[in-house]
$ cat entry_38.txt   # compact mmCIF, C-alpha atoms and all ligand atoms
# COMPACT_ATOMS: atom_id res chain seq x y z
CA MET X 600 109.30 93.03 91.18
CA HIS X 601 105.87 92.74 92.72
CA LEU X 602 104.96 89.50 90.94
CA SER X 603 108.14 87.54 91.64
CA GLY X 604 107.43 83.86 92.13
CA LYS X 605 103.82 84.17 90.91
CA THR X 606 102.31 82.37 87.93
CA VAL X 607 99.68 84.06 85.79
CA ALA X 608 97.57 82.17 83.24
CA LEU X 609 96.97 84.88 80.63
CA CYS X 610 93.90 84.00 78.56
CA VAL X 611 93.55 86.07 75.41
CA THR X 612 90.13 86.12 73.72
CA GLY X 613 88.96 87.38 70.33
CA SER X 614 88.70 91.14 70.71
CA ILE X 615 90.43 93.73 68.57
CA ALA X 616 92.19 94.71 71.83
CA ALA X 617 94.03 91.35 71.81
CA TYR X 618 97.23 93.10 70.69
CA LYS X 619 97.30 94.92 74.05
CA ALA X 620 97.56 91.55 75.80
CA VAL X 621 101.07 91.33 74.33
CA GLU X 622 102.02 94.39 76.41
CA VAL X 623 100.34 92.87 79.46
CA ALA X 624 102.44 89.70 78.97
CA ARG X 625 105.60 91.82 78.69
CA LEU X 626 104.81 93.85 81.81
CA LEU X 627 103.98 90.71 83.78
CA LYS X 628 107.33 89.20 82.83
CA LYS X 629 109.07 92.47 83.76
CA ALA X 630 107.35 92.34 87.17
CA GLY X 631 108.84 88.88 87.72
CA ALA X 632 105.85 86.64 86.94
CA ARG X 633 105.79 83.39 85.06
CA VAL X 634 103.19 83.81 82.33
CA LEU X 635 101.30 80.85 80.84
CA PRO X 636 99.64 82.06 77.63
CA VAL X 637 96.25 80.69 76.62
CA MET X 638 94.46 81.76 73.43
CA THR X 639 90.96 81.17 72.11
CA ALA X 640 90.56 80.26 68.43
CA SER X 641 89.23 83.79 67.76
CA ALA X 642 92.17 85.43 69.56
CA ALA X 643 94.53 83.60 67.20
CA LYS X 644 92.93 85.50 64.30
CA PHE X 645 94.10 88.79 65.85
CA VAL X 646 97.59 87.99 67.21
CA GLY X 647 100.01 85.18 66.39
CA ASP X 648 100.82 82.68 69.11
CA VAL X 649 104.53 83.06 68.30
CA THR X 650 104.35 86.57 69.77
CA PHE X 651 103.11 85.23 73.10
CA SER X 652 105.46 82.25 73.22
CA GLY X 653 108.35 84.58 72.30
CA ILE X 654 107.56 87.04 75.07
CA THR X 655 106.66 84.55 77.78
CA GLY X 656 109.10 81.76 76.94
CA GLU X 657 106.19 79.32 77.33
CA ARG X 658 104.22 77.20 74.91
CA VAL X 659 100.83 78.73 74.04
CA ALA X 660 97.93 76.54 75.12
CA SER X 661 94.79 76.78 73.03
CA ASP X 662 93.33 73.40 72.11
CA MET X 663 92.14 71.28 75.05
CA TRP X 664 92.20 68.27 72.73
CA ASP X 665 95.85 68.66 71.75
CA PRO X 666 97.13 65.04 71.77
CA SER X 667 100.72 66.17 72.39
CA TRP X 668 99.70 67.46 75.86
CA LYS X 669 99.91 64.71 78.41
CA GLY X 670 97.16 64.96 81.02
CA GLU X 671 94.25 67.39 81.41
CA MET X 672 95.31 70.75 80.09
CA HIS X 673 92.73 72.89 81.92
CA ILE X 674 93.29 71.20 85.29
CA GLU X 675 97.06 71.39 85.04
CA LEU X 676 97.03 75.06 84.05
CA ALA X 677 94.55 75.87 86.84
CA GLN X 678 96.81 74.06 89.27
CA ALA X 679 99.90 75.99 88.13
CA ALA X 680 98.27 79.45 88.08
CA ASP X 681 98.14 81.72 91.14
CA VAL X 682 95.77 83.94 89.17
CA ILE X 683 93.90 83.70 85.88
CA ALA X 684 93.69 86.85 83.77
CA ILE X 685 91.30 87.10 80.83
CA VAL X 686 92.73 89.96 78.80
CA PRO X 687 90.83 91.07 76.82
CA ALA X 688 87.53 89.39 77.72
CA THR X 689 84.97 89.37 74.90
CA ALA X 690 81.20 89.62 75.31
CA ASP X 691 81.04 86.01 74.12
CA THR X 692 83.48 84.75 76.75
CA LEU X 693 81.65 86.70 79.49
CA ALA X 694 78.38 85.07 78.36
CA ARG X 695 79.87 81.60 78.49
CA LEU X 696 81.48 82.28 81.89
CA ALA X 697 78.14 83.51 83.27
CA GLN X 698 76.54 80.26 82.17
CA GLY X 699 79.31 78.16 83.66
CA ARG X 700 80.19 76.66 80.30
CA ALA X 701 83.42 74.82 79.71
CA ASP X 702 83.44 74.40 75.95
CA ASP X 703 86.92 75.78 75.39
CA LEU X 704 90.18 75.94 77.32
CA THR X 705 89.60 79.44 78.78
CA THR X 706 86.15 78.70 80.22
CA ALA X 707 87.15 75.22 81.44
CA LEU X 708 90.20 76.78 83.08
CA VAL X 709 88.06 79.37 84.90
CA LEU X 710 85.73 76.67 86.21
CA SER X 711 88.76 74.80 87.56
CA ALA X 712 90.49 77.90 89.01
CA ARG X 713 91.97 77.54 92.49
CA GLY X 714 92.77 81.26 92.86
CA PRO X 715 91.40 84.63 91.75
CA VAL X 716 90.17 85.30 88.21
CA LEU X 717 90.37 88.79 86.71
CA CYS X 718 88.55 89.74 83.50
CA ALA X 719 89.36 92.89 81.52
CA PRO X 720 86.40 93.25 79.13
CA ALA X 721 86.85 95.02 75.80
CA MET X 722 84.14 95.57 73.24
CA HIS X 723 82.20 98.21 71.32
CA PRO X 724 80.15 100.35 73.77
CA ARG X 725 76.87 99.07 72.28
CA MET X 726 77.94 95.47 72.95
CA TRP X 727 78.84 96.41 76.54
CA GLU X 728 75.57 98.29 77.14
CA HIS X 729 73.43 95.51 75.70
CA PRO X 730 71.06 94.09 78.35
CA ALA X 731 72.32 90.57 77.60
CA THR X 732 75.93 91.57 78.36
CA GLN X 733 74.85 93.54 81.44
CA ALA X 734 72.84 90.56 82.71
CA ASN X 735 75.90 88.31 82.27
CA VAL X 736 78.08 90.83 84.11
CA LEU X 737 75.56 90.97 86.96
CA THR X 738 75.48 87.17 87.17
CA LEU X 739 79.26 87.03 87.33
CA LEU X 740 79.39 89.72 90.03
CA GLN X 741 76.69 87.95 92.06
CA GLN X 742 78.60 84.67 91.84
CA GLY X 743 81.59 86.55 93.22
CA ARG X 744 84.16 84.26 91.65
CA VAL X 745 85.36 86.60 88.93
CA GLU X 746 86.61 90.15 89.34
CA LEU X 747 85.84 92.52 86.48
CA PHE X 748 88.26 95.35 85.81
CA GLY X 749 86.94 97.86 83.25
CA PRO X 750 85.96 98.48 80.58
CA VAL X 751 86.70 102.19 80.74
CA MET X 752 85.39 105.24 78.91
CA GLY X 753 87.47 106.16 75.91
CA GLU X 754 88.02 105.70 72.22
CA VAL X 755 87.37 102.21 70.84
CA ALA X 756 88.68 100.61 67.64
CA SER X 757 85.92 102.10 65.46
CA GLY X 758 87.00 105.60 66.56
CA GLU X 759 83.81 106.11 68.58
CA ARG X 760 83.90 107.03 72.25
CA GLY X 761 82.10 105.26 75.06
CA VAL X 762 82.48 102.67 77.80
CA GLY X 763 83.98 99.59 76.18
CA ARG X 764 87.68 100.32 75.93
CA MET X 765 89.92 97.85 77.75
CA ALA X 766 91.64 99.10 80.92
CA GLU X 767 95.27 100.09 80.33
CA PRO X 768 97.87 97.26 80.45
CA GLU X 769 99.80 98.90 83.37
CA ASP X 770 96.61 99.14 85.43
CA ILE X 771 95.71 95.50 84.69
CA VAL X 772 99.14 94.37 85.90
CA VAL X 773 98.74 96.35 89.15
CA ARG X 774 95.32 94.71 89.71
CA LEU X 775 96.88 91.30 89.17
CA ALA X 776 99.66 92.13 91.62
CA ARG X 777 97.01 93.14 94.17
CA ALA X 778 95.04 89.94 93.50
CA VAL X 779 98.04 87.77 94.38
CA GLY X 780 99.68 90.19 96.83
CA PRO X 781 99.99 89.58 100.58
CA GLY X 782 96.64 91.31 101.24
CA ASP X 783 97.92 92.33 104.68
CA LEU X 784 96.37 95.82 104.30
CA ARG X 785 93.02 94.57 102.99
CA GLY X 786 90.14 96.52 104.53
CA ARG X 787 92.50 99.30 105.70
CA HIS X 788 92.44 102.93 104.62
CA VAL X 789 95.94 104.36 104.31
CA VAL X 790 96.43 108.09 103.79
CA VAL X 791 99.77 109.21 102.36
CA SER X 792 101.17 112.67 101.74
CA ALA X 793 103.90 113.25 99.17
CA GLY X 794 106.02 115.81 97.38
CA PRO X 795 106.90 119.40 98.21
CA THR X 796 104.52 122.26 98.86
CA HIS X 797 104.73 125.49 96.89
CA GLU X 798 104.11 128.65 98.85
CA ALA X 799 103.09 131.43 96.50
CA TRP X 800 104.86 134.78 96.67
CA ASP X 801 103.24 136.19 93.55
CA PRO X 802 101.40 134.58 90.60
CA VAL X 803 104.64 133.21 89.11
CA ARG X 804 107.03 132.75 92.04
CA PHE X 805 106.93 130.49 95.06
CA LEU X 806 109.00 129.13 97.93
CA GLY X 807 109.47 125.39 97.61
CA ASN X 808 111.88 122.52 98.07
CA ARG X 809 113.49 119.75 96.02
CA SER X 810 111.27 116.84 97.09
CA SER X 811 110.33 114.70 94.05
CA GLY X 812 107.42 112.88 95.71
CA LYS X 813 108.89 109.47 94.74
CA MET X 814 108.87 108.03 98.25
CA GLY X 815 105.26 108.97 99.01
CA HIS X 816 104.05 107.77 95.61
CA LEU X 817 105.79 104.42 96.13
CA VAL X 818 104.29 104.01 99.62
CA ALA X 819 100.85 104.70 98.11
CA ALA X 820 101.40 102.31 95.19
CA ARG X 821 102.67 99.49 97.42
CA ALA X 822 99.87 100.00 99.97
CA PHE X 823 97.33 99.57 97.16
CA ILE X 824 99.01 96.38 95.95
CA ARG X 825 98.97 95.10 99.55
CA GLY X 826 95.19 95.52 99.60
CA ALA X 827 94.57 98.97 101.13
CA LYS X 828 92.25 101.70 100.01
CA VAL X 829 94.70 104.56 99.50
CA THR X 830 94.27 108.33 99.50
CA LEU X 831 97.35 110.21 98.35
CA VAL X 832 97.53 113.95 99.00
CA SER X 833 100.35 115.20 96.82
CA GLY X 834 102.07 118.52 96.35
CA PRO X 835 103.24 119.54 92.84
CA VAL X 836 105.22 116.62 91.37
CA ALA X 837 106.07 115.32 87.92
CA LEU X 838 104.77 111.82 88.66
CA PRO X 839 101.61 110.09 87.46
CA ALA X 840 99.04 109.05 90.07
CA PRO X 841 99.75 105.45 91.09
CA SER X 842 97.25 102.99 89.64
CA GLY X 843 94.26 102.35 91.91
CA VAL X 844 95.14 105.21 94.25
CA HIS X 845 92.89 108.23 94.80
CA ARG X 846 95.26 111.19 94.38
CA ILE X 847 94.33 114.69 95.49
CA SER X 848 96.68 117.36 94.15
CA VAL X 849 97.45 120.40 96.27
CA GLU X 850 99.88 123.32 96.10
CA SER X 851 100.47 124.80 99.54
CA ALA X 852 100.93 123.47 103.09
CA ARG X 853 97.59 124.89 104.15
CA GLU X 854 95.81 123.16 101.23
CA MET X 855 97.59 119.93 102.14
CA GLN X 856 96.43 120.27 105.75
CA ILE X 857 92.80 120.75 104.68
CA GLU X 858 92.86 117.70 102.37
CA LEU X 859 94.63 115.47 104.90
CA LEU X 860 92.17 116.36 107.64
CA ARG X 861 89.31 115.70 105.24
CA ALA X 862 90.76 112.27 104.38
CA LEU X 863 91.33 111.39 108.04
CA GLY X 864 87.82 112.49 108.93
CA ASP X 865 86.29 113.93 112.09
CA ASP X 866 87.94 112.43 115.18
CA LEU X 867 90.53 110.91 112.81
CA LEU X 868 88.34 107.83 112.46
CA SER X 869 88.28 107.50 108.67
CA ALA X 870 91.81 106.18 108.26
CA ASP X 871 93.92 103.43 109.79
CA ALA X 872 97.25 105.09 109.07
CA LEU X 873 98.84 108.32 107.90
CA VAL X 874 102.26 108.19 106.23
CA MET X 875 103.49 111.76 106.09
CA ALA X 876 106.14 111.55 103.37
CA ALA X 877 105.55 115.11 102.07
CA ALA X 878 108.24 117.74 102.53
CA VAL X 879 105.89 120.44 103.78
CA ALA X 880 107.36 123.95 103.64
CA ASP X 881 107.89 125.29 107.15
CA TYR X 882 107.40 128.88 106.03
CA ARG X 883 105.39 130.80 103.48
CA PRO X 884 105.60 134.42 102.33
CA GLN X 885 103.50 136.51 104.71
CA ILE X 886 101.89 138.24 101.76
CA THR X 887 100.95 136.66 98.45
CA HIS X 888 100.96 139.41 95.83
CA HIS X 889 98.21 139.26 93.24
CA GLU X 890 100.30 141.06 90.64
CA LYS X 891 103.75 139.91 89.57
CA ILE X 892 106.42 141.78 91.54
CA LYS X 893 108.40 143.86 89.08
CA THR X 894 112.13 143.30 88.91
CA SER X 895 114.54 146.20 89.31
CA ARG X 896 117.07 144.42 87.08
CA ALA X 897 116.01 146.09 83.82
CA THR X 898 116.93 149.45 85.23
CA SER X 899 120.03 148.21 87.00
CA LEU X 900 122.08 147.30 83.94
CA ASP X 901 124.86 149.78 83.37
CA PRO X 902 125.57 150.88 79.76
CA SER X 903 128.27 148.22 79.36
CA GLY X 904 125.60 145.55 79.98
CA ALA X 905 127.06 144.41 83.31
CA ASN X 906 124.61 143.45 86.02
CA VAL X 907 125.03 145.87 88.87
CA SER X 908 122.22 144.53 91.06
CA ASP X 909 124.79 143.66 93.73
CA THR X 910 125.39 147.34 94.17
CA ILE X 911 121.68 148.22 94.61
CA PRO X 912 121.11 149.32 98.18
CA SER X 913 119.40 146.48 100.03
CA THR X 914 116.47 148.77 100.88
CA ALA X 915 115.61 148.87 97.15
CA LEU X 916 115.41 145.07 96.87
CA PRO X 917 112.06 143.37 97.44
CA MET X 918 111.72 141.86 100.90
CA VAL X 919 109.99 138.56 101.61
CA LEU X 920 108.68 138.38 105.14
CA LEU X 921 107.90 134.84 106.19
CA ALA X 922 105.05 133.38 108.21
CA GLU X 923 105.17 129.98 109.86
CA ASN X 924 103.11 127.22 108.25
CA PRO X 925 101.05 124.87 110.41
CA ASP X 926 102.91 121.75 111.56
CA ILE X 927 100.39 119.33 110.06
CA LEU X 928 101.74 116.13 111.58
CA ALA X 929 102.25 117.60 115.06
CA GLY X 930 98.66 118.88 114.98
CA ILE X 931 97.34 115.43 114.09
CA GLY X 932 99.62 113.79 116.69
CA GLU X 933 98.27 116.16 119.31
CA ALA X 934 94.64 115.54 118.30
CA ARG X 935 95.21 111.79 118.51
CA ALA X 936 96.82 112.11 121.94
CA ARG X 937 93.90 114.25 123.13
CA GLY X 938 91.47 111.53 122.05
CA LYS X 939 93.71 108.99 123.81
CA GLY X 940 93.48 106.78 120.71
CA THR X 941 96.12 104.79 118.86
CA ARG X 942 94.58 105.29 115.42
CA PRO X 943 95.51 106.33 112.88
CA VAL X 944 99.04 104.94 113.12
CA LEU X 945 101.22 107.98 112.41
CA VAL X 946 104.45 107.83 110.44
CA GLY X 947 106.73 110.84 110.04
CA PHE X 948 109.80 111.45 107.91
CA ALA X 949 113.00 113.22 108.90
CA LEU X 950 115.12 114.29 105.95
CA GLU X 951 118.22 115.87 107.41
CA THR X 952 121.81 116.87 106.84
CA GLY X 953 124.60 115.94 109.25
CA ASN X 954 126.21 112.69 110.33
CA ASP X 955 124.37 109.45 111.08
CA GLU X 956 124.22 110.08 114.83
CA THR X 957 122.76 113.57 114.56
CA ILE X 958 120.18 112.41 112.00
CA VAL X 959 118.98 109.60 114.28
CA GLU X 960 119.01 111.91 117.28
CA TYR X 961 116.95 114.48 115.43
CA ALA X 962 114.48 111.77 114.33
CA ARG X 963 114.08 110.62 117.96
CA LYS X 964 113.31 114.17 119.04
CA LYS X 965 110.94 114.71 116.16
CA ARG X 966 109.05 111.47 116.92
CA ALA X 967 108.53 112.45 120.55
CA GLU X 968 107.61 116.08 119.81
CA LYS X 969 105.11 115.21 117.10
CA ARG X 970 103.74 112.25 119.07
CA VAL X 971 103.94 109.86 116.15
CA ASP X 972 104.55 106.10 116.17
CA PHE X 973 107.71 106.04 114.12
CA VAL X 974 109.88 108.25 111.99
CA VAL X 975 111.71 107.30 108.81
CA ALA X 976 115.04 109.12 108.97
CA ASN X 977 117.37 109.66 106.04
CA HIS X 978 120.13 111.89 104.67
CA ALA X 979 118.96 114.69 102.35
CA ASN X 980 121.91 114.16 100.00
CA GLU X 981 121.32 110.40 99.86
CA SER X 982 117.61 110.64 99.16
CA ILE X 983 116.26 113.73 97.38
CA GLY X 984 115.24 112.85 93.82
CA LYS X 985 117.04 109.47 94.00
CA ASP X 986 115.62 105.99 93.37
CA GLU X 987 117.50 104.53 96.32
CA THR X 988 118.04 105.64 99.88
CA ARG X 989 119.36 104.53 103.28
CA VAL X 990 116.96 104.79 106.18
CA TRP X 991 116.52 104.30 109.90
CA LEU X 992 113.14 103.43 111.36
CA VAL X 993 113.03 105.24 114.68
CA SER X 994 110.33 104.35 117.20
CA GLU X 995 110.02 104.94 120.93
CA GLU X 996 111.60 101.58 121.69
CA THR X 997 113.98 100.91 118.80
CA VAL X 998 116.19 102.31 116.07
CA ASP X 999 116.53 99.98 113.08
CA ALA X 1000 119.22 100.86 110.56
CA PHE X 1001 118.92 99.60 106.98
CA PRO X 1002 121.43 99.54 104.12
CA VAL X 1003 120.99 101.49 100.86
CA MET X 1004 118.00 100.07 99.01
CA ASP X 1005 115.45 100.78 96.34
CA LYS X 1006 112.75 103.20 97.52
CA ALA X 1007 110.07 100.61 96.61
CA ARG X 1008 111.75 98.27 99.11
CA VAL X 1009 111.82 101.08 101.70
CA ALA X 1010 108.10 101.61 101.08
CA ASP X 1011 107.52 97.94 101.89
CA LEU X 1012 109.62 98.19 105.09
CA ILE X 1013 107.46 101.09 106.24
CA LEU X 1014 104.28 99.17 105.40
CA ASP X 1015 105.61 96.04 107.19
CA GLU X 1016 105.99 98.13 110.34
CA LEU X 1017 102.54 99.63 109.79
CA VAL X 1018 100.96 96.18 109.44
CA ARG X 1019 102.72 95.08 112.64
CA ARG X 1020 101.33 98.07 114.53
CA LEU X 1021 97.82 97.67 113.09
CA GLY X 1022 97.84 94.14 114.53
C1 LIG V 1101 87.25 92.33 63.60
C2 LIG V 1101 86.53 91.80 64.82
C3 LIG V 1101 86.67 92.48 66.01
C4 LIG V 1101 86.00 92.02 67.15
N1 LIG V 1101 86.16 92.70 68.32
C5 LIG V 1101 85.48 92.28 69.39
C6 LIG V 1101 85.63 92.97 70.63
O1 LIG V 1101 86.40 93.95 70.74
N2 LIG V 1101 84.95 92.54 71.70
C7 LIG V 1101 84.11 91.46 71.62
O2 LIG V 1101 83.50 91.15 72.65
N3 LIG V 1101 83.97 90.78 70.48
C8 LIG V 1101 84.64 91.15 69.38
N4 LIG V 1101 84.51 90.46 68.22
C9 LIG V 1101 83.63 89.28 68.17
C10 LIG V 1101 84.33 88.04 68.76
O3 LIG V 1101 85.56 87.80 68.11
C11 LIG V 1101 83.42 86.84 68.67
O4 LIG V 1101 82.29 87.06 69.49
C12 LIG V 1101 84.08 85.54 69.06
O5 LIG V 1101 83.12 84.52 69.06
C13 LIG V 1101 84.74 85.61 70.44
O6 LIG V 1101 85.24 84.37 70.77
P1 LIG V 1101 86.10 84.13 72.08
O7 LIG V 1101 85.45 84.90 73.17
O8 LIG V 1101 86.08 82.67 72.30
O9 LIG V 1101 87.48 84.59 71.78
C14 LIG V 1101 85.18 90.87 67.07
C15 LIG V 1101 85.09 90.18 65.85
C16 LIG V 1101 85.75 90.65 64.75
C17 LIG V 1101 85.62 89.87 63.45

$ encode --input "entry_38.txt" --output "structure tokens" --more "lines below"
Ligand SMILES: Cc1cc2nc3c(=O)[nH]c(=O)nc-3n(C[C@H](O)[C@H](O)[C@H](O)COP(=O)(O)O)c2cc1C
Amino acid sequence: MHLSGKTVALCVTGSIAAYKAVEVARLLKKAGARVLPVMTASAAKFVGDVTFSGITGERVASDMWDPSWKGEMHIELAQAADVIAIVPATADTLARLAQGRADDLTTALVLSARGPVLCAPAMHPRMWEHPATQANVLTLLQQGRVELFGPVMGEVASGERGVGRMAEPEDIVVRLARAVGPGDLRGRHVVVSAGPTHEAWDPVRFLGNRSSGKMGHLVAARAFIRGAKVTLVSGPVALPAPSGVHRISVESAREMQIELLRALGDDLLSADALVMAAAVADYRPQITHHEKIKTSRATSLDPSGANVSDTIPSTALPMVLLAENPDILAGIGEARARGKGTRPVLVGFALETGNDETIVEYARKKRAEKRVDFVVANHANESIGKDETRVWLVSEETVDAFPVMDKARVADLILDELVRRLG
């Protein structure tokens, strides 16, 4: 619920993409926001106001002159809204905003805004490219009072392709959450690693682990909403890249190391923090075969069809010799210690089996050995692939134990500690 307690004035203008604003309203409600729907006269030709009042549970405001409204509609809505979203924003509305006009409720509301204003333009690519529209966009950007999100390249209503398609509803909601979020990571670059690594044995087989990547993806998503620029280096996972986050996909531990070092930069100066949530494989096959290793099973079936591979002498079975992978986090911890710096803040994870005491003890040891600021410790069987987990935050000075909670909440706990350490 990243919009709990927030109020969004959702202004819908007369684009064919107006129907997508219904989904934005639904997602905003789902994220915990109060949504105050506003519609222009043109928008009402595309979508009925009953749809918006039904979804938001609020009366749709459209006519500033409505005599049944006591007081000044635009001022009261501006006062109530933490953020104003114009979704979709037509070329016409952008033009009137650039001129500072206030001839309808949406434009008057924007002029009276007390918080951020986000526009999601949507129009035919030729309308978007037109010098008049581009000049209006430039004026709005120069004024710095309105944030434009999109339009994006893609198919538009006419079936043509180009830049003019409205940004996706999910991405708009994330931008709104960021606009009204705590902003305590604004100006920071947070690097996150996530997921397992796959260590190739031959073109079809690999050594890997059961990490889903959920925790790392949530840390990245929450860091973006809290204002950070986020680079996510992820092993193979079945998750979409979090909105707003630059995701780099890798396969093996050594690829992950290269991409993390690139993101952290020479002397580790390009990032403020590294959250190492990936479950990096400790070992890889010494040799990666370029051809698929043939199985001996086909020849080891006896005439009755029974599998007799258990009786094959072990010398006839393929052997996998292992090589140790680099300890990425320890290497970075060591480099930071060598430079005698405190940046980036380093966060490790310890996913272990055993009882609570041994898990915390292991996390303490791991923190000291890898020279990181704190370690997030948890039980493998309570965490892998799950949406909830129970963690300890283990630093040099303290061990904080937390109850079972949603991984999104855990992500925020980690980021709270990060913010505290970044000062
Ligand atoms: C079928 C139809 C589709 C339209 N689609 C768009 C659109 O996607 N983007 C846009 O900027 N204008 C579009 N327009 C034009 C606007 O509706 C028109 O400029 C109107 O004055 C916008 O008013 P408003 O910005 O106050 O809602 C469309 C008009 C029609 C009739």

$ residues_around --input "entry_38.txt" --residues "X:Glu850" --least-positions-apart "3" --cutoff "12 Å" --atoms "all atoms listed in the file" --output "VMD selection string"
chain X and resid 793 to 799 805 to 807 832 to 836 847 853 to 858 877 to 880 883

$ residues_around --input "entry_38.txt" --residues "X:Val762" --least-positions-apart "6" --cutoff "10 Å" --atoms "all atoms listed in the file" --output "list in words"
Ala721, Met722, His723, Pro724, Arg725, Met726, Trp727, Glu728, Gly749, Pro750, Val751, Met752, Gly753, Glu754 and Val755 of chain X

$ closest_atom_pairs --input "entry_38.txt" --of "chain X" --to "ligand LIG 1101 (chain V)" --cutoff "7 Å" --atoms "all atoms listed in the file" --output "tab-separated table"
residue	atom	partner	partner_atom	distance
X:Thr612	CA	V:LIG1101	O9	3.6
X:Gly613	CA	V:LIG1101	O9	3.5
X:Ser614	CA	V:LIG1101	C6	3.6
X:Ile615	CA	V:LIG1101	N1	4.4
X:Ala616	CA	V:LIG1101	O1	5.9
X:Thr639	CA	V:LIG1101	O9	4.9
X:Ala640	CA	V:LIG1101	O9	6.3
X:Ser641	CA	V:LIG1101	O9	4.5
X:Ala642	CA	V:LIG1101	O9	5.3
X:Ala688	CA	V:LIG1101	O2	6.7
X:Thr689	CA	V:LIG1101	O2	3.2
X:Ala690	CA	V:LIG1101	O2	3.8
X:Asp691	CA	V:LIG1101	O7	4.6
X:Thr692	CA	V:LIG1101	O7	4.1
X:Ala721	CA	V:LIG1101	N2	5.2
X:Met722	CA	V:LIG1101	N2	3.5
X:His723	CA	V:LIG1101	O1	6.0

$ closest_residue --input "entry_38.txt" --among "X:Thr706, X:Thr606, X:Thr952, X:Asn980" --to "X:Val779" --atoms "all atoms listed in the file"
X:Thr606

$ atom_distance --input "entry_38.txt" --atom1 "atom CA of X:Pro884" --atom2 "atom CA of X:Leu859"
22.0 Å

$ residues_near_point --input "entry_38.txt" --point "(98.7, 74.2, 78.1)" --cutoff "9 Å" --atoms "only C-alpha atoms" --output "tab-separated table (two decimals) with C-alpha atoms, in the coordinates of the input"
chain	number	residue	atom	x	y	z
X	635	LEU	CA	101.30	80.85	80.84
X	636	PRO	CA	99.64	82.06	77.63
X	637	VAL	CA	96.25	80.69	76.62
X	658	ARG	CA	104.22	77.20	74.91
X	659	VAL	CA	100.83	78.73	74.04
X	660	ALA	CA	97.93	76.54	75.12
X	661	SER	CA	94.79	76.78	73.03
X	662	ASP	CA	93.33	73.40	72.11
X	663	MET	CA	92.14	71.28	75.05
X	665	ASP	CA	95.85	68.66	71.75
X	668	TRP	CA	99.70	67.46	75.86
X	671	GLU	CA	94.25	67.39	81.41
X	672	MET	CA	95.31	70.75	80.09
X	673	HIS	CA	92.73	72.89	81.92
X	675	GLU	CA	97.06	71.39	85.04
X	676	LEU	CA	97.03	75.06	84.05
X	704	LEU	CA	90.18	75.94	77.32

$ closest_residue --input "entry_38.txt" --among "X:Val621, X:Ala719, X:Leu693, X:Ala934" --to "X:Thr738" --atoms "all atoms listed in the file"
X:Leu693

$ closest_atom_pairs --input "entry_38.txt" --of "stretch 982-1016 of chain X" --to "stretch 954-976 of chain X" --cutoff "6 Å" --atoms "all atoms listed in the file" --output "CSV"
residue,atom,partner,partner_atom,distance
X:Val990,CA,X:Ala976,CA,5.5
X:Trp991,CA,X:Ala976,CA,5.1
X:Leu992,CA,X:Val975,CA,4.9
X:Val993,CA,X:Val974,CA,5.1
X:Ser994,CA,X:Phe973,CA,4.4

$ write_last_selection --input "entry_38.txt" --atoms "C-alpha atoms" --output "CSV table (one decimal), in the frame of the given file"
chain,number,residue,atom,x,y,z
X,990,VAL,CA,117.0,104.8,106.2
X,991,TRP,CA,116.5,104.3,109.9
X,992,LEU,CA,113.1,103.4,111.4
X,993,VAL,CA,113.0,105.2,114.7
X,994,SER,CA,110.3,104.4,117.2

$ residues_around --input "entry_38.txt" --residues "X:Ile983" --least-positions-apart "3" --cutoff "9 Å" --atoms "only C-alpha atoms" --output "list in words"
Arg809, Ser810, Ser811, Lys813, Leu950, His978, Ala979, Asn980, Asp986 and Thr988 of chain X

$ closest_residue --input "entry_38.txt" --among "X:Leu920, X:Ile927, X:Val844, X:Leu817" --to "X:Leu1012" --atoms "only C-alpha atoms"
X:Leu817

$ atom_distance --input "entry_38.txt" --atom1 "atom CA of X:Leu873" --atom2 "atom CA of X:Leu945"
5.1 Å

$ atom_distance --input "entry_38.txt" --atom1 "atom CA of X:Gly815" --atom2 "atom CA of X:Ala827"
14.8 Å

$ residues_near_point --input "entry_38.txt" --point "(111.2, 90.6, 84.1)" --cutoff "12 Å" --atoms "all atoms listed in the file" --output "PyMOL selection string"
chain X and resi 600-605+624-634+654-656

$ build_atoms --input "entry_38.txt" --residues "stretch 876-882 of chain X" --atoms "N, CA and C atoms" --output "compact mmCIF listing (two decimals), in the coordinates of the input"
# COMPACT_ATOMS: atom_id res chain seq x y z
N ALA X 876 104.88 111.52 104.12
CA ALA X 876 106.14 111.55 103.37
C ALA X 876 106.37 112.90 102.69
N ALA X 877 105.39 113.80 102.74
CA ALA X 877 105.55 115.11 102.07
C ALA X 877 106.61 115.95 102.77
N ALA X 878 107.31 116.76 101.98
CA ALA X 878 108.24 117.74 102.53
C ALA X 878 107.48 119.07 102.59
N VAL X 879 106.74 119.25 103.65
CA VAL X 879 105.89 120.44 103.78
C VAL X 879 106.76 121.65 104.10
N ALA X 880 106.56 122.75 103.38
CA ALA X 880 107.36 123.95 103.64
C ALA X 880 107.05 124.47 105.05
N ASP X 881 108.10 124.78 105.79
CA ASP X 881 107.89 125.29 107.15
C ASP X 881 107.38 126.73 107.14
N TYR X 882 107.77 127.46 106.09
CA TYR X 882 107.40 128.88 106.03
C TYR X 882 106.75 129.22 104.71
